[in-house]
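All remarks here apply to the structure that follows.
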Amino acid sequence: MKNYLKLVNFEISRFFKLYLILIGLTFVCQFIRAIIVSKGYMNRADQVMYENQLSVSQYIKEYGTFSFQQFVFSEWFVMPIFFCIAMLMIYVFFIWYRDWFGKNTFIYRLLMLPTERINIYFAKLTAIMLLVLGLIALQILSISIEIQIASSIVPVDFRTHFPFFDEIYNLGIWGWLYPNTFIEFILIYGVGLIFVAVLFTAILFERSYGLKGIFFSIIYGLLSFGFFIVPLVLNGIYSNYFYTLEIFLMELVTSTIVLGSAIWIANYLLKHKIRV
Amino acid sequence: MTVKFNNRDPVYVQVIRHFKEQIAKGFFEPGQEVPSRRELANQLKINPNTAQRAYKEMEEQGLIFTEGNMPSCITRDEAVLKSVREELIIEAVDLFLGSIKSIDVPLSEVLKLVEKKYEAESGETEESK
Amino acid sequence: MIEVKNVNKKYGRKQVLKDLSFTAKKGEITCLIGINGVGKTTIMKAIMALTPINGGEILIDGEKIRKDSFEKITFIPDTITMLPQMKIGEAFTFMADFYKSWNPQRAEELLQFFKLDPTERIANLSKGNTAKVNMLLGLALDVDYLLMDEPFSGIDMFSREQIAEVFTSHLIEERGVILTTHEISDIEHLIDKAVLIDNGEVLKEFSVEEVREREGKSVVDVMREVYRG
């Protein structure tokens with residue numbers, strides 16, 4: 001257990017610098033956009049009001065208020081988020097491959113540590129999850145700061161009341177990243193966890209068997225996916241036959257099997273088949 | 001101590017030989033403490049197991065002795081020291097005879113040459129002192 | 001004792017190790033000799049479970065390798081086993097963190113002996129110094145068995161002498177050492193046992209001093225005989 005924690009700490013510190021840069025970039029992009037969009041609205045508003053000699057309330061009746069939605073759906077805002085997601089996806093692979101390639105043969109050391117090798121797998125998995133959750137949490141922080149920025153530029157009369165959770169966090173992709181209930185949170189991030197776990201095991205197939213391994217990992221990936229969606233497919237075929245709860249329970253069982261087998265296979269590969 | 005070892009004779013035998021030479025030449029005094037097995041290995045750049053073997057043999061041959069838990073020492077036994085000297089001298093003589101046997105020359109002439117050479121060399125060493 | 005018993009390994013179509021057996025005792029220096037590509041590194045990796053085998057078994061003190069074994073046996077490969085961005089001191093901290101058998105005083109002693117600076121980054125070290133750090137990471141562990149892959153390769157004369165110095169010191173004493181090399185003449189007088197390997201097979205396994213005594217042959221002589229016939 002202690003070794004697992006030490007490894008988690010180690011994995012996180014390795015990525016930390018890049019992580020901070022990622023966060024920094026995201027914040028900066030989003031803040032700049034916040035400023036630009038808010039200012040843009042105000043400048044247009046001022047201009048139109050000046051040209052047409054409108055009062056504030058008249059302008060608002062004609063042209064509408066400034067709502068936060070305008071900017072949540074803009075590319076500049078969403079792009080850094082997708083960039084972060086892309087980076088993390090790449091890191092899911094990189095977190096393993098970096099220890100094999102380049103001037104780095106750290107994998108020797110990891111595999112020779114006096115600890116169960118599966119702890120390496122768990123540590124990397126945990127690190128990824130923590131990094132993702134970290135980004136999610138920081139995004140909330142970022143949005144509140146942006147709201148402050150926008151509020152300072154756009155006077156209160158021009159704004160629709162900036163709500164917090166309901167409006168922002170239920171729109172499109174945000175609904176997925178910030179689920180409303182605890183259960184949903186577990187479900188969505190649970191699926192994410194299983195996805196990464198399966199990916200990790202696929203990577204270990206490649207590292208253990210080489211080219212043959214890629215073939216194995218594709219088969220393994222497809223099997224896992226297939227198994228995972230069985231309840232959903234069943235529900236589709238026999239619609240209205242199963243209660244939601246039953247589907248949920250079936251899904252729980254299949255997910256557990258998929259996750260369990262990912263871990264079991266990874267453990268086997270790490271102990272008996274891995275090559276440096 | 002840098003000793004050059006050849007790779008064909010057992011190293012432990014060469015170590016013993018080296019000790020005998022040092023004793024005969026007087027560099028190792030009777031009763032002098034010998035280095036520990038580990039120190040010897042390090043000094044001569046040999047495997048500690050070899051040093052161990054050499055010491056064991058030398059102990060058996062009576063070249064060194066160990067009293068209780070004290071470090072081992074070169075023997076004080078005059079008889080042993082004498083025989084070591086003799087052994088080396090005989091070896092040198094055998095080597096010499098082996099070389100000149102093939103040359104057809106009477107013994108008395110050879111011996112005269114040896115005496116002459118010997119005196120010349122000790123004379124040189126006397127002068128250089 | 002490390003026992004390698006009838007080990008087979010295939011890599012793709014090629015039979016890399018063929019029914020390979022030998023033993024290495026604790027307190028002895030065993031040298032695996034053979035030209036490059038013959039399987040020496042593979043054997044070492046197999047002992048450390050860093051590569052799988054297809055048959056046979058490898059026992060360390062009578063047991064198959066487990067996680068605790070890594071406190072008893074360590075491997076010094078020919079590549080660095082630390083992150084290149086780490087400073088030497090940070091590498092020490094890492095080792096101390098994970099290994100009960102890490103000996104900080106010994107590490108300090110070796111640091112001074114090899115004349116290394118703990119604030120230097122591993123990536124910035126010369127080849128010789130990197131090899132020394134690698135060796136240090138292995139030697140500073142209080143393990144019973146040390147596996148070293150080509151500890152002398154590619155480093156300059158003086159560094160080599162320092163490493164040879166290590167072999168005759170208390171740092172190696174009482175441990176079981178397996179090392180591989182293809183230049184045996186330099187270190188013939190240091191080893192206890194030689195295992196001649198060719199094409200994944202053991203051609204001859206012998207005690208070096210015994211052969212010298214019985215047959216008056218050096219290891220190089222035996223090699224000439226064995227590899228020719």
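Ligands are numbered from 1 in the order shown, residues from 1 within each chain, and chains are lettered A, B, ... in the order they appear in the structure tokens.
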Inset, instruction - Define the interface residues of chain C facing chain B as those within 8 Å, counting only C-alpha atoms, and report them as a list of chain:residue names. - result: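 So the residues of chain C near chain B are C:Glu28, C:Ala164, C:Glu165, C:Phe167, C:Thr168, C:Ser169, C:His170, C:Glu173, C:Glu188, C:His189, C:Leu190, C:Ile191, C:Asp192, C:Glu209, C:Glu210, C:Arg212, C:Glu213, C:Gly216, C:Lys217, C:Ser218, C:Val219.
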Legend entry - Shell of 12 Å around stretch 124-134 of chain C, only C-alpha atoms, local chain residues under 4 positions omitted, as number ranges by chain: A: 103, 105-106, 108-109; C: 74-89, 91-92, 107-108, 110-120, 138-141, 147-164, 166
Inset, instruction - Find the residues in chain A near chain C: any atom within 7 Å counts, using only C-alpha atoms. Write them as a list in words. - result: Asn104, Thr105, Phe106, Tyr108, Arg109, Met112, Leu113, Pro114, Thr115, Glu116, His272, Lys273, Ile274, Arg275 and Val276 of chain A
Inset, instruction - Can you pull out every residue within 12 Å of A:Leu131, counting only C-alpha atoms, but drop anything in the same chain fewer than 4 positions away, and send it as a ChimeraX atom specification? - result: /A:8-9,11-16,18-20,22-23,84-85,87-89,91-92,124-127,135-138
Inset, instruction - Quick one: everything within 12 Å of B:Gln61, counting only C-alpha atoms, minus sequence neighbours fewer than 5 positions away in the same chain. Send it as a count of residues only. - result: 12
Inset, instruction - Enumerate as a ChimeraX atom specification all residues of stretch 23-224 of chain C assigned to alpha helix (DSSP H) by DSSP on the backbone, naming them with the chain letters and numbers the document uses. - result: /C:40-47,88-98,104-113,127-139,157-167,208-215,219-224
Inset, instruction - Fewer than 3 positions away in the same chain doesn't count, so skip those; otherwise give me all residues within 12 Å of B:Val110, counting only C-alpha atoms, as a list in words. - result: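 Contacts, with the query itself left out: Phe96, Leu97, Ser99, Ile100, Lys101, Ile103, Asp104, Val105, Pro106, Leu107, Leu113, Val114, Glu115, Lys116 and Lys117 of chain B.
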Inset, instruction - Can you check which residues of stretch 9-83 of chain B DSSP gives as strand (DSSP E) on the backbone and send them as a list in words? - result: Ile64, Phe65, Cys73 and Ile74 of chain B
Please save N, CA and C atoms of the selected residues as an mmCIF file, in the first residue's frame.
```cif
data_model
loop_
_atom_site.group_PDB
_atom_site.id
_atom_site.type_symbol
_atom_site.label_atom_id
_atom_site.label_comp_id
_atom_site.auth_asym_id
_atom_site.auth_seq_id
_atom_site.Cartn_x
_atom_site.Cartn_y
_atom_site.Cartn_z
ATOM 1 N N ILE B 64 53.100 -19.013 7.125
ATOM 2 C CA ILE B 64 52.512 -18.029 8.041
ATOM 3 C C ILE B 64 51.852 -18.779 9.184
ATOM 4 N N PHE B 65 51.636 -18.084 10.265
ATOM 5 C CA PHE B 65 50.941 -18.710 11.393
ATOM 6 C C PHE B 65 49.965 -17.717 11.996
ATOM 7 N N CYS B 73 50.836 -13.881 10.872
ATOM 8 C CA CYS B 73 52.193 -13.336 10.716
ATOM 9 C C CYS B 73 53.082 -14.299 9.949
ATOM 10 N N ILE B 74 54.142 -13.723 9.389
ATOM 11 C CA ILE B 74 55.163 -14.546 8.734
ATOM 12 C C ILE B 74 55.823 -15.406 9.810
#
```
